[in-house]
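So this one's work33.txt, compact mmCIF, C-alpha atoms:
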```txt
# COMPACT_ATOMS: atom_id res chain seq x y z
CA MET U 22 39.98 25.46 5.52
CA VAL U 23 37.49 26.70 2.91
CA LEU U 24 40.13 28.93 1.33
CA ALA U 25 42.56 26.00 1.06
CA GLU U 26 39.95 23.91 -0.74
CA LEU U 27 38.93 26.86 -2.93
CA LYS U 28 42.53 27.24 -4.12
CA LYS U 29 42.44 23.61 -5.32
CA SER U 30 39.14 24.05 -7.19
CA ASN U 31 39.20 23.79 -10.95
CA PHE U 32 36.01 23.27 -12.96
CA THR U 33 34.15 24.33 -16.09
CA LEU U 34 30.94 26.37 -15.95
CA LEU U 35 29.09 27.47 -19.10
CA ASN U 36 32.11 26.56 -21.25
CA GLN U 37 34.31 28.78 -19.08
CA ARG U 38 37.15 27.34 -17.03
CA ILE U 39 36.91 28.46 -13.38
CA GLN U 40 40.11 28.34 -11.34
CA PHE U 41 41.37 30.22 -8.25
CA ASP U 42 44.81 31.60 -7.43
CA GLU U 43 46.82 31.34 -4.18
CA ASN U 44 44.70 34.14 -2.61
CA GLY U 45 41.40 32.42 -3.43
CA ASP U 46 40.57 34.93 -6.19
CA PRO U 47 39.23 33.67 -9.52
CA THR U 48 41.76 33.81 -12.36
CA PHE U 49 39.15 34.95 -14.87
CA GLY U 50 36.11 37.23 -14.68
CA SER U 51 35.08 40.31 -12.75
CA TYR U 52 33.02 41.60 -9.85
CA SER U 53 30.38 44.28 -10.20
CA ILE U 54 30.19 46.77 -7.35
CA VAL U 55 26.57 47.74 -6.82
CA PHE U 56 24.69 50.32 -4.77
CA TRP U 57 21.08 49.84 -3.76
CA ASN U 58 19.37 53.16 -4.37
CA GLN U 59 16.31 54.64 -2.62
CA SER U 60 13.89 52.71 -4.85
CA GLY U 61 15.55 49.41 -3.88
CA ASP U 62 17.14 48.77 -7.29
CA ALA U 63 20.78 47.70 -7.56
CA GLU U 64 22.79 50.16 -9.64
CA GLU U 65 26.30 49.29 -10.82
CA ILE U 66 28.72 51.96 -9.59
CA GLY U 67 32.00 50.19 -10.28
CA PHE U 68 33.85 47.00 -11.10
CA TYR U 69 36.81 44.83 -10.17
CA ARG U 70 38.43 42.91 -13.03
CA PHE U 71 41.37 40.57 -12.66
CA HIS U 72 41.89 39.29 -16.20
CA PRO U 73 44.04 39.98 -18.16
CA SER U 74 45.27 42.49 -15.52
CA VAL U 75 43.79 43.74 -12.26
CA SER U 76 41.65 46.88 -12.58
CA PHE U 77 39.39 48.52 -10.02
CA SER U 78 37.05 51.45 -10.56
CA ILE U 79 34.26 53.19 -8.63
CA ASN U 80 32.14 56.07 -9.94
CA ASN U 81 31.61 58.15 -6.77
CA THR U 82 29.03 60.39 -8.48
CA ASN U 83 26.59 57.46 -8.73
CA ILE U 84 26.62 56.87 -4.97
CA GLN U 85 23.77 58.64 -3.17
CA TRP U 86 25.15 59.31 0.30
CA ASN U 87 23.21 60.36 3.35
CA PRO U 88 22.08 64.01 2.94
CA LYS U 89 23.97 64.93 6.13
CA GLY U 90 27.18 63.63 4.58
CA GLU U 91 27.48 60.70 7.00
CA VAL U 92 28.54 57.28 5.76
CA PRO U 93 25.60 54.89 6.32
CA THR U 94 26.04 51.94 8.64
CA SER U 95 25.30 48.44 7.47
CA LEU U 96 23.74 47.58 10.81
CA CYS U 97 19.97 47.97 11.16
CA SER U 98 19.85 47.76 14.98
CA PRO U 99 22.53 48.16 17.65
CA GLU U 100 23.35 45.13 19.80
CA CYS U 101 21.06 44.44 22.76
CA ALA U 102 22.28 45.01 26.30
CA VAL U 103 23.01 42.01 28.53
CA GLY U 104 19.79 40.24 29.57
CA PHE U 105 17.78 41.46 26.58
CA VAL U 106 16.43 39.24 23.81
CA LYS U 107 16.39 40.20 20.13
CA ASN U 108 12.81 40.39 18.84
CA GLN U 109 13.19 40.34 15.05
CA ASP U 110 11.57 43.32 13.32
CA GLY U 111 10.89 42.44 9.69
CA ILE U 112 12.58 39.88 7.48
CA HIS U 113 16.20 40.82 8.20
CA LYS U 114 17.90 39.25 11.22
CA CYS U 115 19.98 42.41 11.68
CA CYS U 116 16.83 44.46 12.39
CA PHE U 117 15.33 43.83 15.83
CA ASN U 118 13.89 45.37 18.98
CA CYS U 119 15.50 44.61 22.33
CA GLU U 120 13.16 43.28 25.03
CA ILE U 121 14.15 42.26 28.56
CA CYS U 122 13.67 38.60 29.52
CA PRO U 123 11.04 38.42 32.32
CA ASP U 124 11.41 36.80 35.76
CA GLY U 125 11.88 33.03 35.60
CA THR U 126 13.65 33.17 32.20
CA TYR U 127 17.15 33.95 30.97
CA ILE U 128 18.91 34.71 27.69
CA ASN U 129 21.70 32.49 26.34
CA ILE U 130 23.12 34.61 23.52
CA THR U 131 25.66 31.95 22.51
CA VAL U 132 22.84 29.49 21.70
CA ASP U 133 19.89 31.67 20.59
CA PRO U 134 19.75 35.46 21.01
CA TYR U 135 16.07 35.49 19.90
CA THR U 136 14.55 33.36 22.70
CA CYS U 137 14.17 33.71 26.47
CA VAL U 138 14.72 30.26 28.01
CA SER U 139 12.58 29.20 31.00
CA CYS U 140 14.35 28.18 34.19
CA LYS U 141 13.84 24.69 35.65
CA GLU U 142 11.31 24.16 38.46
CA THR U 143 14.14 24.13 41.02
CA GLU U 144 15.70 27.37 39.70
CA TRP U 145 14.80 31.05 39.48
CA SER U 146 16.06 34.21 37.78
CA ALA U 147 15.40 37.92 37.97
CA ALA U 148 14.34 39.91 34.91
CA GLY U 149 17.26 40.44 32.52
CA SER U 150 19.27 37.43 33.70
CA THR U 151 21.80 35.48 31.67
CA SER U 152 21.51 32.35 33.82
CA CYS U 153 19.30 30.66 36.42
CA THR U 154 20.15 30.18 40.09
CA LEU U 155 19.17 27.22 42.27
CA ARG U 156 16.34 28.04 44.67
CA VAL U 157 17.46 28.12 48.32
CA VAL U 158 15.02 26.62 50.84
CA GLU U 159 14.87 28.82 53.92
CA TYR U 160 13.17 27.85 57.17
CA VAL U 161 12.86 29.30 60.67
CA PRO U 162 14.45 27.07 63.35
CA PHE U 163 12.44 26.29 66.50
CA THR U 164 15.07 28.04 68.64
CA ASP U 165 14.57 31.36 66.84
CA SER U 166 12.90 34.02 69.03
CA GLY U 167 10.33 34.78 66.31
CA ALA U 168 9.39 31.11 66.04
CA ILE U 169 9.07 30.82 69.83
CA LEU U 170 6.77 33.87 69.94
CA ILE U 171 4.58 32.46 67.18
CA MET U 172 4.33 29.06 68.91
CA VAL U 173 3.50 30.63 72.30
CA GLY U 174 0.87 32.84 70.65
CA ALA U 175 -0.67 29.88 68.83
CA TRP U 176 -0.84 27.78 72.02
CA ALA U 177 -2.34 30.75 73.89
CA LEU U 178 -5.08 31.02 71.24
CA VAL U 179 -5.75 27.27 71.47
CA GLY U 180 -5.97 27.52 75.27
CA LEU U 181 -8.29 30.55 75.08
CA THR U 182 -10.54 28.76 72.58
CA LEU U 183 -10.72 25.68 74.82
CA ALA U 184 -11.47 27.80 77.89
CA ILE U 185 -14.29 29.70 76.18
CA ASN U 186 -15.83 26.54 74.71
CA THR U 187 -15.56 24.68 78.02
CA GLN U 188 -17.24 27.57 79.84
CA GLU U 189 -20.05 27.72 77.26
CA TYR U 190 -20.52 23.95 77.46
CA PHE U 191 -20.87 23.93 81.24
CA GLN U 192 -23.17 26.99 81.20
CA GLY U 193 -25.42 25.14 78.76
CA LEU U 194 -25.47 22.08 81.02
CA ILE U 195 -26.33 24.18 84.07
CA GLN U 196 -29.12 25.98 82.22
CA ASN U 197 -30.58 22.66 81.01
CA TYR U 198 -30.32 21.18 84.49
CA THR U 199 -32.01 24.24 85.99
CA LYS U 200 -34.87 24.02 83.47
CA THR U 201 -35.49 20.33 84.16
CA MET U 202 -35.43 20.86 87.94
CA SER U 203 -37.91 23.72 87.83
CA GLN U 204 -40.47 21.70 85.97
```

Take the structure in this file and express it as structure tokens.
Amino acid sequence: MVLAELKKSNFTLLNQRIQFDENGDPTFGSYSIVFWNQSGDAEEIGFYRFHPSVSFSINNTNIQWNPKGEVPTSLCSPECAVGFVKNQDGIHKCCFNCEICPDGTYINITVDPYTCVSCKETEWSAAGSTSCTLRVVEYVPFTDSGAILIMVGAWALVGLTLAINTQEYFQGLIQNYTKTMSQ
């Protein structure tokens, strides 16, 4: 879509007519091929000219390759594993540290790979999740043997407490009655 519109473009800039061919290339001008050296300066190492004829040249001696002879990658950091969020390191978005999203959050890399999104109140997620799951309410039915044991134990404790308190109450009454009779 952009290329189709670019092919139709025709305008004048600084008294120079700018027009593009069927491939989207300008019909006049040139490109400089630059290399950013160790000091951070851009150094021209070649060119691409397309007027009056196409010419392309690179001076390989001006390129300072890795001392080990390896071609450098243009990627600052490798992609994060699933469930990890990109924590930007510096000003470039391609340089980042990978950190796992904690419990209760998830990463949606299609929307924002730099933010862990919190789950809703009715949802949960484990660390490193890519989505939230609805919480499941679990309960113990009254017919379960564990529930029956707990209820029997609770009623036994209530009965024991009532028995002890009743015994103490009547002992106190008897002691008070005995004291008043002996006087």

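Once range 155-160 of chain U and its same-chain neighbours fewer than 3 positions away are set aside, Thr143, Glu144 and Trp145 of chain U remain within 8 Å of it when counting only C-alpha atoms.
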
Practice problem: Within 9 Å of Ala147 in chain U, counting all atoms listed in the file, which residues show up once you throw out same-chain ones fewer than 6 positions away? Write them as number ranges by chain, please. | Solution: U: 122-127, 153

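Restricting the calculation to all atoms listed in the file, the smallest distance between Cys116 in chain U and any of U:Ile130, U:Gly180, U:Gly61, U:Glu100 is found for U:Glu100.
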
Quiz item: By how many Å are CA of Trp86 in chain U and CA of Val55 in chain U apart?
Solution: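 Here the two named atoms are 13.7 Å from each other.
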
Quiz item: Could you work out how far CA of Phe41 in chain U lies from CA of Ala63 in chain U, giving the answer in Å with one decimal?
Solution: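 We find that CA of Ala63 in chain U and CA of Phe41 in chain U lie 27.0 Å from each other.
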
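Here CA of Phe56 in chain U is placed at a distance of 16.8 Å from CA of Cys97 in chain U.
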
Quiz prompt | Spatial neighbours of range 132-138 of chain U, 10 Å, all atoms listed in the file, chain gap at least 5 places, as a ChimeraX atom specification | solution = /U:101,104-109,114,117,119-123,125-127,149-153

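Residue nearest Pro47 in chain U within the list U:Leu183, U:Val75, U:Ile128, U:Leu96: U:Val75 [criterion: smallest interatomic distance, all atoms listed in the file].
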